[in-house]
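As provided, data35.csv (CSV, C-alpha atoms) reads as follows.
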chain,number,residue,atom,x,y,z
A,1,MET,CA,16.0,-58.8,12.1
A,2,ARG,CA,15.9,-62.4,11.0
A,3,ALA,CA,17.4,-63.5,7.6
A,4,ALA,CA,14.1,-64.1,5.9
A,5,GLU,CA,12.6,-60.8,7.1
A,6,ARG,CA,15.2,-58.7,5.5
A,7,PRO,CA,14.1,-56.5,2.6
A,8,VAL,CA,15.0,-57.6,-0.9
A,9,GLY,CA,17.3,-55.6,-3.1
A,10,GLY,CA,18.6,-53.0,-0.7
A,11,ALA,CA,20.4,-52.4,2.5
A,12,GLY,CA,20.0,-55.2,4.9
A,13,VAL,CA,19.6,-57.9,2.3
A,14,SER,CA,21.6,-61.0,3.5
A,15,ALA,CA,23.7,-63.1,1.2
A,16,ALA,CA,22.8,-66.7,0.3
A,17,ILE,CA,25.8,-68.6,-0.9
A,18,VAL,CA,25.5,-71.8,-3.0
A,19,THR,CA,28.6,-73.8,-3.8
A,20,GLY,CA,28.8,-76.1,-6.8
A,21,ALA,CA,26.5,-73.7,-8.5
A,22,ALA,CA,27.5,-74.2,-12.1
A,23,GLY,CA,25.8,-77.6,-12.1
A,24,GLY,CA,22.1,-78.3,-12.6
A,25,LEU,CA,21.3,-78.9,-8.9
A,26,GLY,CA,23.2,-75.9,-7.6
A,27,GLY,CA,21.6,-73.7,-10.3
A,28,ARG,CA,18.1,-74.8,-9.2
A,29,ILE,CA,18.9,-74.2,-5.6
A,30,GLY,CA,20.1,-70.7,-6.5
A,31,GLU,CA,16.9,-70.0,-8.3
A,32,ARG,CA,14.8,-70.9,-5.3
A,33,LEU,CA,16.9,-68.9,-2.9
A,34,ALA,CA,16.8,-65.9,-5.3
A,35,ALA,CA,13.1,-66.1,-5.4
A,36,ALA,CA,13.0,-66.0,-1.6
A,37,GLY,CA,14.7,-62.6,-1.8
A,38,HIS,CA,18.3,-63.4,-1.0
A,39,ASP,CA,21.3,-61.7,-2.4
A,40,LEU,CA,22.7,-64.7,-4.2
A,41,VAL,CA,26.4,-65.6,-4.4
A,42,LEU,CA,27.0,-68.6,-6.7
A,43,VAL,CA,30.4,-70.4,-6.3
A,44,ASP,CA,32.1,-73.0,-8.4
A,45,LEU,CA,35.5,-74.0,-9.6
A,46,ASP,CA,33.9,-74.2,-13.1
A,47,PRO,CA,34.0,-70.7,-14.7
A,48,ARG,CA,30.6,-71.3,-16.2
A,49,VAL,CA,29.2,-70.3,-12.8
A,50,GLU,CA,29.6,-66.7,-14.0
A,51,GLU,CA,27.1,-67.3,-16.8
A,52,VAL,CA,24.7,-69.0,-14.4
A,53,ALA,CA,25.0,-66.1,-12.0
A,54,ALA,CA,24.5,-63.5,-14.7
A,55,ALA,CA,21.3,-65.3,-15.8
A,56,GLN,CA,20.0,-65.1,-12.2
A,57,GLY,CA,21.1,-61.6,-11.5
A,58,ALA,CA,23.5,-63.0,-8.9
A,59,ARG,CA,27.2,-62.7,-8.3
A,60,GLY,CA,29.4,-65.5,-9.5
A,61,VAL,CA,32.6,-66.5,-7.8
A,62,VAL,CA,35.1,-68.8,-9.4
A,63,ALA,CA,36.9,-70.4,-6.5
A,64,ASP,CA,38.8,-73.6,-5.5
A,65,LEU,CA,37.4,-74.3,-2.0
A,66,THR,CA,40.2,-76.7,-1.3
A,67,ARG,CA,42.6,-73.7,-1.2
A,68,ALA,CA,42.7,-70.9,1.4
A,69,GLU,CA,42.5,-68.2,-1.3
A,70,GLY,CA,39.4,-69.8,-2.7
A,71,VAL,CA,37.7,-69.7,0.7
A,72,GLU,CA,38.8,-66.1,1.3
A,73,ALA,CA,37.3,-65.1,-2.1
A,74,VAL,CA,33.9,-66.4,-1.1
A,75,VAL,CA,34.1,-64.8,2.4
A,76,GLU,CA,34.9,-61.5,0.8
A,77,ALA,CA,32.1,-61.8,-1.8
A,78,ALA,CA,29.6,-62.8,0.9
A,79,GLY,CA,30.1,-59.6,2.8
A,80,THR,CA,29.3,-59.2,6.5
A,81,GLU,CA,25.8,-60.5,6.6
A,82,VAL,CA,25.3,-64.1,5.5
A,83,GLY,CA,21.8,-65.5,5.7
A,84,VAL,CA,22.2,-68.9,4.0
A,85,LEU,CA,25.0,-71.2,3.0
A,86,VAL,CA,24.4,-74.2,0.9
A,87,ASN,CA,27.3,-76.6,0.7
A,88,ASN,CA,26.5,-78.3,-2.5
A,89,ALA,CA,29.9,-78.7,-4.2
A,90,GLY,CA,31.0,-82.3,-4.7
A,91,ILE,CA,32.6,-84.9,-6.9
A,92,THR,CA,32.6,-88.7,-7.3
A,93,ARG,CA,35.6,-91.0,-7.9
A,94,ASP,CA,33.8,-94.3,-7.7
A,95,ALA,CA,35.6,-97.7,-7.4
A,96,ARG,CA,35.4,-100.8,-5.3
A,97,ALA,CA,37.4,-100.4,-2.2
A,98,THR,CA,39.9,-102.9,-3.4
A,99,LYS,CA,40.6,-100.9,-6.5
A,100,MET,CA,40.2,-97.4,-5.1
A,101,THR,CA,43.4,-95.4,-4.8
A,102,GLU,CA,44.2,-93.5,-1.7
A,103,ALA,CA,44.5,-90.3,-3.8
A,104,ASP,CA,40.9,-90.8,-5.1
A,105,PHE,CA,39.7,-91.5,-1.6
A,106,ALA,CA,41.3,-88.3,-0.2
A,107,ALA,CA,40.2,-86.1,-3.1
A,108,VAL,CA,36.6,-86.9,-2.6
A,109,ILE,CA,36.9,-86.3,1.2
A,110,GLU,CA,38.8,-83.1,0.6
A,111,ILE,CA,36.3,-81.6,-1.8
A,112,ASN,CA,33.0,-82.9,-0.5
A,113,LEU,CA,33.7,-82.7,3.2
A,114,THR,CA,36.8,-80.8,4.2
A,115,ALA,CA,36.3,-77.9,1.8
A,116,ALA,CA,32.8,-77.5,3.1
A,117,ILE,CA,34.0,-77.5,6.7
A,118,ARG,CA,36.6,-74.8,5.9
A,119,LEU,CA,34.1,-72.6,4.2
A,120,THR,CA,31.5,-73.0,6.8
A,121,LEU,CA,33.8,-72.2,9.7
A,122,ALA,CA,35.3,-69.3,7.8
A,123,LEU,CA,31.9,-67.7,7.3
A,124,GLU,CA,30.9,-68.1,10.9
A,125,PRO,CA,31.5,-64.5,11.9
A,126,GLY,CA,29.2,-63.3,9.1
A,127,PHE,CA,26.2,-65.4,9.9
A,128,ILE,CA,23.3,-63.3,11.0
A,129,GLU,CA,20.7,-64.2,13.6
A,130,GLY,CA,18.4,-66.8,12.1
A,131,ALA,CA,20.9,-67.9,9.4
A,132,SER,CA,20.7,-71.3,7.9
A,133,VAL,CA,23.4,-73.7,6.7
A,134,VAL,CA,22.2,-76.6,4.5
A,135,ASN,CA,24.7,-79.4,3.6
A,136,LEU,CA,24.1,-81.6,0.6
A,137,SER,CA,24.6,-85.1,2.0
A,138,SER,CA,23.4,-88.2,0.1
A,139,ARG,CA,21.5,-91.4,0.6
A,140,ALA,CA,24.9,-93.0,-0.1
A,141,SER,CA,25.9,-91.8,3.4
A,142,LEU,CA,24.1,-94.9,4.6
A,143,GLY,CA,26.4,-97.1,2.4
A,144,ASN,CA,26.6,-97.6,-1.3
A,145,PHE,CA,28.6,-100.1,-3.4
A,146,GLY,CA,31.7,-98.6,-5.0
A,147,GLN,CA,31.5,-95.3,-3.0
A,148,ALA,CA,33.6,-95.8,0.2
A,149,ASN,CA,35.0,-92.3,-0.3
A,150,TYR,CA,31.7,-90.6,-1.3
A,151,SER,CA,29.8,-92.4,1.6
A,152,ALA,CA,32.4,-91.2,4.1
A,153,SER,CA,32.3,-87.7,2.8
A,154,LYS,CA,28.5,-87.4,2.8
A,155,ALA,CA,28.2,-89.1,6.2
A,156,GLY,CA,30.8,-86.8,7.5
A,157,LEU,CA,28.8,-83.8,6.5
A,158,VAL,CA,25.9,-85.1,8.7
A,159,GLY,CA,28.1,-85.3,11.8
A,160,PHE,CA,29.7,-82.0,11.2
A,161,GLY,CA,26.3,-80.4,10.8
A,162,ARG,CA,24.9,-82.1,14.0
A,163,ALA,CA,27.8,-80.6,15.9
A,164,LEU,CA,27.5,-77.1,14.5
A,165,ALA,CA,23.7,-77.2,15.0
A,166,GLN,CA,24.3,-77.6,18.7
A,167,ARG,CA,27.3,-75.2,18.9
A,168,TRP,CA,25.8,-72.4,17.0
A,169,ALA,CA,22.2,-72.6,18.3
A,170,PRO,CA,20.1,-70.6,18.5
A,171,ARG,CA,21.8,-68.1,16.1
A,172,VAL,CA,22.4,-70.4,13.2
A,173,ARG,CA,20.5,-73.6,12.1
A,174,VAL,CA,22.4,-76.4,10.4
A,175,ASN,CA,20.7,-79.2,8.5
A,176,ALA,CA,21.3,-81.6,5.6
A,177,VAL,CA,19.4,-82.9,2.6
A,178,ALA,CA,20.3,-86.4,1.5
A,179,PRO,CA,19.1,-87.0,-2.1
A,180,SER,CA,19.2,-90.3,-3.9
A,181,LEU,CA,19.4,-90.6,-7.6
A,182,VAL,CA,18.9,-87.1,-9.2
A,183,ASP,CA,18.5,-86.3,-12.8
A,184,THR,CA,21.8,-84.5,-13.6
A,185,PRO,CA,24.3,-84.8,-16.4
A,186,MET,CA,26.1,-87.5,-14.4
A,187,THR,CA,23.0,-89.8,-14.2
A,188,GLN,CA,22.0,-88.9,-17.8
A,189,ALA,CA,25.4,-90.3,-18.9
A,190,MET,CA,24.6,-93.7,-17.3
A,191,PRO,CA,23.6,-96.6,-19.6
A,192,PRO,CA,19.8,-96.6,-19.8
A,193,GLU,CA,19.5,-100.2,-18.6
A,194,VAL,CA,21.6,-99.4,-15.5
A,195,LEU,CA,19.6,-96.3,-14.8
A,196,ALA,CA,16.3,-98.3,-15.2
A,197,LYS,CA,17.4,-100.9,-12.7
A,198,LEU,CA,18.3,-98.2,-10.1
A,199,VAL,CA,15.0,-96.3,-10.7
A,200,ALA,CA,13.1,-99.6,-10.2
A,201,LYS,CA,14.3,-99.7,-6.6
A,202,ILE,CA,12.7,-96.3,-5.9
A,203,PRO,CA,9.2,-96.5,-4.5
A,204,ALA,CA,8.3,-93.2,-6.0
A,205,GLY,CA,8.9,-94.8,-9.4
A,206,ARG,CA,11.0,-92.1,-10.9
A,207,ILE,CA,14.3,-90.4,-10.7
A,208,GLY,CA,14.5,-87.3,-8.5
A,209,THR,CA,14.7,-83.9,-10.1
A,210,PRO,CA,16.9,-81.0,-9.1
A,211,GLU,CA,13.6,-79.2,-8.3
A,212,ASP,CA,12.8,-81.9,-5.8
A,213,VAL,CA,16.0,-81.2,-3.9
A,214,ALA,CA,16.0,-77.5,-4.3
A,215,GLY,CA,12.5,-77.2,-2.8
A,216,ILE,CA,13.7,-78.9,0.4
A,217,VAL,CA,16.8,-76.7,0.6
A,218,ALA,CA,14.6,-73.7,0.2
A,219,PHE,CA,12.4,-74.9,3.0
A,220,LEU,CA,15.3,-75.5,5.3
A,221,ALA,CA,16.7,-72.1,4.5
A,222,SER,CA,13.3,-70.4,5.3
A,223,PRO,CA,11.6,-69.4,8.5
A,224,ASP,CA,9.2,-72.3,8.0
A,225,ALA,CA,12.1,-74.4,9.3
A,226,ALA,CA,12.9,-72.2,12.2
A,227,TYR,CA,12.5,-75.1,14.7
A,228,VAL,CA,14.5,-77.6,12.6
A,229,THR,CA,18.2,-77.9,13.3
A,230,GLY,CA,20.7,-80.8,13.3
A,231,GLN,CA,18.5,-82.9,11.0
A,232,VAL,CA,18.7,-84.7,7.8
A,233,ILE,CA,15.9,-84.9,5.2
A,234,TYR,CA,16.2,-87.8,2.8
A,235,ALA,CA,15.0,-86.7,-0.7
A,236,CYS,CA,15.1,-90.2,-2.1
A,237,GLY,CA,11.6,-91.2,-3.2
A,238,GLY,CA,11.5,-93.7,-0.4
A,239,ARG,CA,14.7,-95.5,-1.5
A,240,THR,CA,16.0,-95.5,2.1
A,241,VAL,CA,13.2,-97.8,3.3
A,242,ALA,CA,12.8,-100.0,0.2
A,243,PRO,CA,14.5,-103.5,-0.1
B,1,MET,CA,40.6,-113.6,18.0
B,2,SER,CA,44.2,-112.5,17.8
B,3,ASP,CA,43.8,-111.4,14.2
B,4,LEU,CA,41.2,-108.8,15.0
B,5,PHE,CA,42.1,-105.3,13.8
B,6,VAL,CA,40.8,-102.3,15.8
B,7,TRP,CA,40.8,-98.8,14.5
B,8,ARG,CA,40.3,-96.2,17.2
B,9,GLN,CA,39.3,-92.7,16.3
B,10,GLU,CA,41.3,-90.2,18.4
B,11,PRO,CA,40.5,-86.5,18.8
B,12,LEU,CA,41.5,-84.4,15.8
B,13,GLY,CA,42.2,-80.9,17.2
B,14,ASP,CA,41.1,-77.9,15.2
B,15,ASP,CA,42.7,-78.3,11.8
B,16,PRO,CA,40.1,-79.1,9.2
B,17,GLY,CA,42.8,-80.7,7.0
B,18,ALA,CA,43.1,-83.4,9.7
B,19,VAL,CA,39.6,-84.6,8.6
B,20,THR,CA,40.9,-85.7,5.2
B,21,ARG,CA,44.0,-87.3,6.7
B,22,ALA,CA,42.2,-89.1,9.4
B,23,LEU,CA,39.6,-90.7,7.1
B,24,THR,CA,42.1,-91.5,4.4
B,25,GLU,CA,44.5,-93.2,6.9
B,26,ALA,CA,41.5,-95.1,8.3
B,27,PHE,CA,40.5,-96.3,4.9
B,28,ALA,CA,44.0,-97.5,4.0
B,29,ALA,CA,44.5,-99.3,7.3
B,30,VAL,CA,41.1,-100.9,7.4
B,31,ARG,CA,41.3,-102.0,3.8
B,32,GLU,CA,44.6,-103.6,4.4
B,33,ALA,CA,43.2,-105.6,7.3
B,34,LEU,CA,40.1,-106.7,5.3
B,35,GLU,CA,42.3,-107.9,2.4
B,36,GLU,CA,44.2,-109.9,5.0
B,37,ARG,CA,40.8,-111.4,6.0
B,38,ARG,CA,41.0,-109.9,9.5
B,39,PRO,CA,37.8,-108.9,11.2
B,40,VAL,CA,37.7,-105.1,11.8
B,41,VAL,CA,36.2,-103.0,14.5
B,42,VAL,CA,36.2,-99.2,14.1
B,43,VAL,CA,35.7,-97.6,17.5
B,44,VAL,CA,34.2,-94.1,17.6
B,45,ALA,CA,32.7,-92.0,20.4
B,46,ALA,CA,28.9,-92.3,20.6
B,47,GLY,CA,28.7,-88.6,21.4
B,48,ASP,CA,30.5,-87.7,18.3
B,49,LEU,CA,28.0,-89.6,16.2
B,50,LEU,CA,25.4,-87.2,17.6
B,51,GLY,CA,27.6,-84.2,17.2
B,52,GLN,CA,27.8,-83.6,20.9
B,53,GLY,CA,31.6,-82.9,20.8
B,54,GLU,CA,33.9,-81.1,18.5
B,55,PRO,CA,32.6,-80.6,14.9
B,56,LEU,CA,35.7,-82.1,13.3
B,57,ASP,CA,35.5,-85.2,15.5
B,58,ALA,CA,31.9,-85.5,14.6
B,59,ALA,CA,32.6,-85.3,10.9
B,60,VAL,CA,35.2,-88.1,11.2
B,61,ALA,CA,33.0,-90.3,13.4
B,62,THR,CA,30.0,-90.2,11.1
B,63,GLY,CA,32.3,-90.4,8.0
B,64,LEU,CA,33.8,-93.6,9.4
B,65,LEU,CA,30.4,-95.0,9.9
B,66,GLY,CA,29.4,-94.2,6.3
B,67,MET,CA,32.6,-95.8,5.0
B,68,VAL,CA,32.1,-98.9,7.1
B,69,ARG,CA,28.6,-99.4,5.8
B,70,THR,CA,29.9,-99.2,2.3
B,71,LEU,CA,32.7,-101.7,3.1
B,72,GLY,CA,30.1,-103.9,4.7
B,73,ILE,CA,28.1,-103.9,1.4
B,74,GLU,CA,31.2,-104.5,-0.8
B,75,GLY,CA,32.5,-107.2,1.5
B,76,ALA,CA,29.4,-109.4,1.3
B,77,ARG,CA,31.0,-111.5,-1.4
B,78,PRO,CA,34.5,-111.8,-0.1
B,79,GLY,CA,33.2,-112.3,3.4
B,80,TRP,CA,34.6,-109.2,5.1
B,81,ARG,CA,33.6,-108.6,8.7
B,82,ILE,CA,33.7,-104.9,9.6
B,83,ASN,CA,31.6,-103.1,12.2
B,84,VAL,CA,31.5,-99.8,14.1
B,85,LEU,CA,31.4,-99.7,17.9
B,86,ALA,CA,30.2,-96.5,19.5
B,87,ALA,CA,31.9,-96.1,22.9
B,88,PRO,CA,30.4,-93.9,25.5
B,89,GLY,CA,31.5,-90.2,25.6
B,90,ILE,CA,33.0,-87.9,23.1
B,91,ALA,CA,36.5,-88.0,21.6
B,92,ALA,CA,37.5,-84.6,22.8
B,93,HIS,CA,36.9,-85.4,26.5
B,94,ARG,CA,39.2,-88.4,26.4
B,95,GLY,CA,42.9,-88.5,26.6
B,96,GLU,CA,45.1,-90.2,24.0
B,97,GLY,CA,44.4,-93.9,24.0
B,98,ALA,CA,41.3,-93.6,26.1
B,99,LEU,CA,39.2,-95.3,23.5
B,100,ALA,CA,41.9,-97.8,23.0
B,101,VAL,CA,41.1,-101.4,23.4
B,102,ALA,CA,43.8,-102.5,21.1
B,103,ALA,CA,43.0,-106.2,20.9
B,104,ALA,CA,40.4,-108.5,22.1
B,105,ASP,CA,43.2,-110.2,24.1
B,106,GLU,CA,43.0,-107.2,26.4
B,107,ALA,CA,39.3,-107.6,26.9
B,108,ALA,CA,39.7,-109.3,30.2
B,109,ASP,CA,37.7,-106.7,32.1
B,110,GLU,CA,34.2,-108.1,32.2
B,111,GLU,CA,32.9,-104.8,33.5
B,112,ASP,CA,34.0,-102.8,30.4
B,113,PRO,CA,31.2,-102.8,27.8
B,114,VAL,CA,33.6,-101.6,25.1
B,115,ALA,CA,36.0,-104.4,25.7
B,116,LEU,CA,33.2,-106.9,25.9
B,117,THR,CA,31.6,-105.8,22.7
B,118,ILE,CA,34.9,-105.8,20.8
B,119,ALA,CA,35.5,-109.3,22.0
B,120,MET,CA,32.1,-110.3,20.8
B,121,LEU,CA,32.6,-108.7,17.4
B,122,ALA,CA,35.9,-110.6,17.0
B,123,GLU,CA,34.0,-113.8,16.9
B,124,SER,CA,30.8,-112.6,15.3
B,125,ALA,CA,29.6,-113.0,11.7
B,126,LEU,CA,28.0,-109.5,11.9
B,127,THR,CA,29.2,-107.0,9.3
B,128,GLY,CA,28.4,-103.4,8.4
B,129,GLN,CA,26.7,-102.8,11.7
B,130,LEU,CA,26.8,-100.1,14.4
B,131,LEU,CA,26.8,-101.3,17.9
B,132,GLN,CA,26.4,-99.0,20.9
B,133,ALA,CA,28.2,-99.7,24.1
B,134,GLY,CA,26.2,-97.6,26.5
B,135,GLY,CA,22.9,-95.8,26.4
B,136,ALA,CA,23.9,-92.4,25.0
B,137,ASN,CA,22.0,-93.1,21.9
B,138,LEU,CA,18.7,-93.9,23.6
B,139,GLY,CA,16.0,-91.4,22.8
B,140,LYS,CA,18.2,-89.8,20.2
B,141,LEU,CA,18.5,-90.0,16.4
B,142,PRO,CA,19.6,-93.2,14.9
B,143,ALA,CA,23.1,-92.7,13.6

Would you mind writing the file out in structure tokens?
Amino acid sequence: MRAAERPVGGAGVSAAIVTGAAGGLGGRIGERLAAAGHDLVLVDLDPRVEEVAAAQGARGVVADLTRAEGVEAVVEAAGTEVGVLVNNAGITRDARATKMTEADFAAVIEINLTAAIRLTLALEPGFIEGASVVNLSSRASLGNFGQANYSASKAGLVGFGRALAQRWAPRVRVNAVAPSLVDTPMTQAMPPEVLAKLVAKIPAGRIGTPEDVAGIVAFLASPDAAYVTGQVIYACGGRTVAP
Amino acid sequence: MSDLFVWRQEPLGDDPGAVTRALTEAFAAVREALEERRPVVVVVAAGDLLGQGEPLDAAVATGLLGMVRTLGIEGARPGWRINVLAAPGIAAHRGEGALAVAAADEAADEEDPVALTIAMLAESALTGQLLQAGGANLGKLPA
């Protein structure tokens, strides 16, 4: 039985794991996957993930995915049948390369990329036939001023996903979503004039919403994307082709 | 040409922690070279950019490409020259040093597209670009 064909709310329901789920984007992704009938496991270092999970009827796991015990906690919570994994957890430590500390470079790589790698590989035995891994990359993977660390981490997720897509096919599909500017607390904290300049570069004429991204994640996790693996979908309002 | 700095990405093995170390070491080394105004070429395996080899090697190869593109953007004002060269094959199928073309001075072999391209990049004003030495990318996704 394929992941999306499993019954909801009983024996045979597969788990859908979302990391970085205490934030707005992770929460929206969780809502979409829960609506698709998955047994939702929301993961975050932030204890508020338990409130988010409770509100969605999901299980919340507070875990530091840079540590072995954090990964083990998620594997244990996921159980033996994992249908979806969304690697959404991430941080930024922006600075020009000349000012960026090696510690800040390494921290972003470790959390955004290496922790996702560890969790994905640790969950491998539990992925059911037809399972889907969705990595949250970024338009910044193509290069973005002040984000040498973030660009590397998000581009690294693309290569990792391409390799797993080939290695784990046809049992597990692996894809990525690469958003551009998304309306989150981080962008809301930006000076309005700075945000306006950034939005002006987006052909769609507006900032992306968490729903914009969550919808694509839900698509990639669904049987509608059964023939899609090793790919990246840019959810950027056309920013990747604009001057 | 003698001041060219070449970073070669070698196979990582199977320890995920090596991903953080490899990318951070590359960042530190490349930045130092750029601040010394040396042109930089980062050599990765073309197959790893497409994920045809080991997952960790692929993560680092594409991660390096993302990093170089950002450094290319940031380096526009100071005039940095940094590019990625995709050499044929995948890192895991190559022995230690197999991707090595340590300096353009060693690029005497006119039959070697990797050496030739490195020599060209040493003298070029190109920056932030990915060059493919070989045709493994043809008909595939752009990296």

Given all atoms listed in the file as the counted atoms, nearest of A:Glu110, A:Asp183, A:Glu193, A:Asp224 to chain B: A:Glu110

Each chain A residue no farther than 7 Å from chain B, nearest pair in Å, all atoms listed in the file, as CSV:
residue,atom,partner,partner_atom,distance
A:Glu102,CA,B:Thr24,CA,6.8
A:Phe105,CA,B:Thr24,CA,6.5
A:Ala106,CA,B:Thr24,CA,5.7
A:Ile109,CA,B:Thr20,CA,5.7
A:Glu110,CA,B:Thr20,CA,5.7
A:Thr114,CA,B:Pro16,CA,6.2
A:Ile117,CA,B:Pro16,CA,6.8
A:Arg118,CA,B:Pro16,CA,6.5
A:Ser141,CA,B:Gly66,CA,5.1
A:Leu142,CA,B:Gly66,CA,5.6
A:Gly143,CA,B:Thr70,CA,4.1
A:Asn144,CA,B:Thr70,CA,5.1
A:Phe145,CA,B:Glu74,CA,5.7
A:Gln147,CA,B:Thr70,CA,6.8
A:Ala148,CA,B:Met67,CA,4.9
A:Asn149,CA,B:Met67,CA,6.8
A:Ser151,CA,B:Gly66,CA,5.0
A:Ala152,CA,B:Gly63,CA,4.0
A:Ser153,CA,B:Gly63,CA,5.9
A:Ala155,CA,B:Gly63,CA,4.7
A:Gly156,CA,B:Gly63,CA,3.9
A:Leu157,CA,B:Ala59,CA,6.0
A:Val158,CA,B:Thr62,CA,7.0
A:Gly159,CA,B:Ala59,CA,4.6
A:Phe160,CA,B:Ala59,CA,4.4
A:Arg162,CA,B:Gly51,CA,4.7
A:Ala163,CA,B:Gly51,CA,3.8
A:Leu164,CA,B:Pro55,CA,6.2

Length of the atom CA of Ala26 of chain B to atom CA of Leu116 of chain B vector [Å]: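 Computing the Euclidean distance for atom CA of Ala26 of chain B and atom CA of Leu116 of chain B yields 22.8 Å.
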
Selection: 12 Å around Pro170 of chain A, all atoms listed in the file, excl. self and same-chain fewer than 5 positions, as a PyMOL selection string: chain A and resi 2+127-132+164-165+226-230

Residue selection dump (C-alpha atoms) as a compact mmCIF listing (two decimals), in the frame of the given file:
# COMPACT_ATOMS: atom_id res chain seq x y z
CA ARG A 2 15.90 -62.40 11.00
CA PHE A 127 26.20 -65.40 9.90
CA ILE A 128 23.30 -63.30 11.00
CA GLU A 129 20.70 -64.20 13.60
CA GLY A 130 18.40 -66.80 12.10
CA ALA A 131 20.90 -67.90 9.40
CA SER A 132 20.70 -71.30 7.90
CA LEU A 164 27.50 -77.10 14.50
CA ALA A 165 23.70 -77.20 15.00
CA ALA A 226 12.90 -72.20 12.20
CA TYR A 227 12.50 -75.10 14.70
CA VAL A 228 14.50 -77.60 12.60
CA THR A 229 18.20 -77.90 13.30
CA GLY A 230 20.70 -80.80 13.30

Neighbour list for segment 90-92 of chain A as JSON, numbers by chain, cut-off 7 Å, only C-alpha atoms, skip fewer than 3 positions in-chain: {"A": [20, 108, 111, 112, 150]}

Pick from A:Ala204, A:Val134, A:Ala242, A:Leu25 nearest to Leu220 of chain A, counting all atoms listed in the file: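 Of A:Ala204, A:Val134, A:Ala242, A:Leu25, the one nearest Leu220 of chain A, counting all atoms listed in the file, is A:Val134.
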
Of the listed residues B:Ala92, B:Ala76, B:Val44, B:Leu12, that which approaches Leu131 of chain B most closely, counting only C-alpha atoms: B:Val44

Selected residue, from B:Ala136, B:Asp14, B:Gly79, B:Thr117, that lies nearest to Ala45 of chain B when counting all atoms listed in the file: B:Ala136

Export segment 164-200 of chain A, C-alpha atoms, as a CSV table (one decimal), in the first residue's frame; it's the structure right above.
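Saved result, result07.csv, follows:
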chain,number,residue,atom,x,y,z
A,164,LEU,CA,19.1,10.1,-2.6
A,165,ALA,CA,16.5,10.3,-5.4
A,166,GLN,CA,18.6,8.0,-7.5
A,167,ARG,CA,19.7,5.8,-4.7
A,168,TRP,CA,16.3,5.2,-3.1
A,169,ALA,CA,14.2,5.0,-6.3
A,170,PRO,CA,11.6,3.7,-6.8
A,171,ARG,CA,10.8,3.2,-3.1
A,172,VAL,CA,11.3,6.8,-2.0
A,173,ARG,CA,11.0,10.1,-3.9
A,174,VAL,CA,13.2,13.0,-2.9
A,175,ASN,CA,12.6,16.6,-4.1
A,176,ALA,CA,13.1,20.1,-3.0
A,177,VAL,CA,11.2,23.4,-2.8
A,178,ALA,CA,13.2,26.6,-3.1
A,179,PRO,CA,11.2,29.6,-1.9
A,180,SER,CA,12.3,33.2,-2.2
A,181,LEU,CA,11.1,35.9,0.1
A,182,VAL,CA,8.3,34.4,2.4
A,183,ASP,CA,6.1,36.3,4.8
A,184,THR,CA,7.5,35.1,8.2
A,185,PRO,CA,8.4,36.8,11.4
A,186,MET,CA,12.0,37.2,10.0
A,187,THR,CA,10.8,39.1,7.0
A,188,GLN,CA,8.3,41.0,9.0
A,189,ALA,CA,11.1,42.3,11.1
A,190,MET,CA,12.9,43.9,8.1
A,191,PRO,CA,12.7,47.6,7.6
A,192,PRO,CA,9.7,48.3,5.4
A,193,GLU,CA,11.8,50.2,2.8
A,194,VAL,CA,14.2,47.3,2.5
A,195,LEU,CA,11.4,44.8,2.2
A,196,ALA,CA,9.7,46.9,-0.5
A,197,LYS,CA,12.9,47.0,-2.6
A,198,LEU,CA,13.1,43.2,-2.4
A,199,VAL,CA,9.4,42.7,-3.3
A,200,ALA,CA,9.9,45.1,-6.3
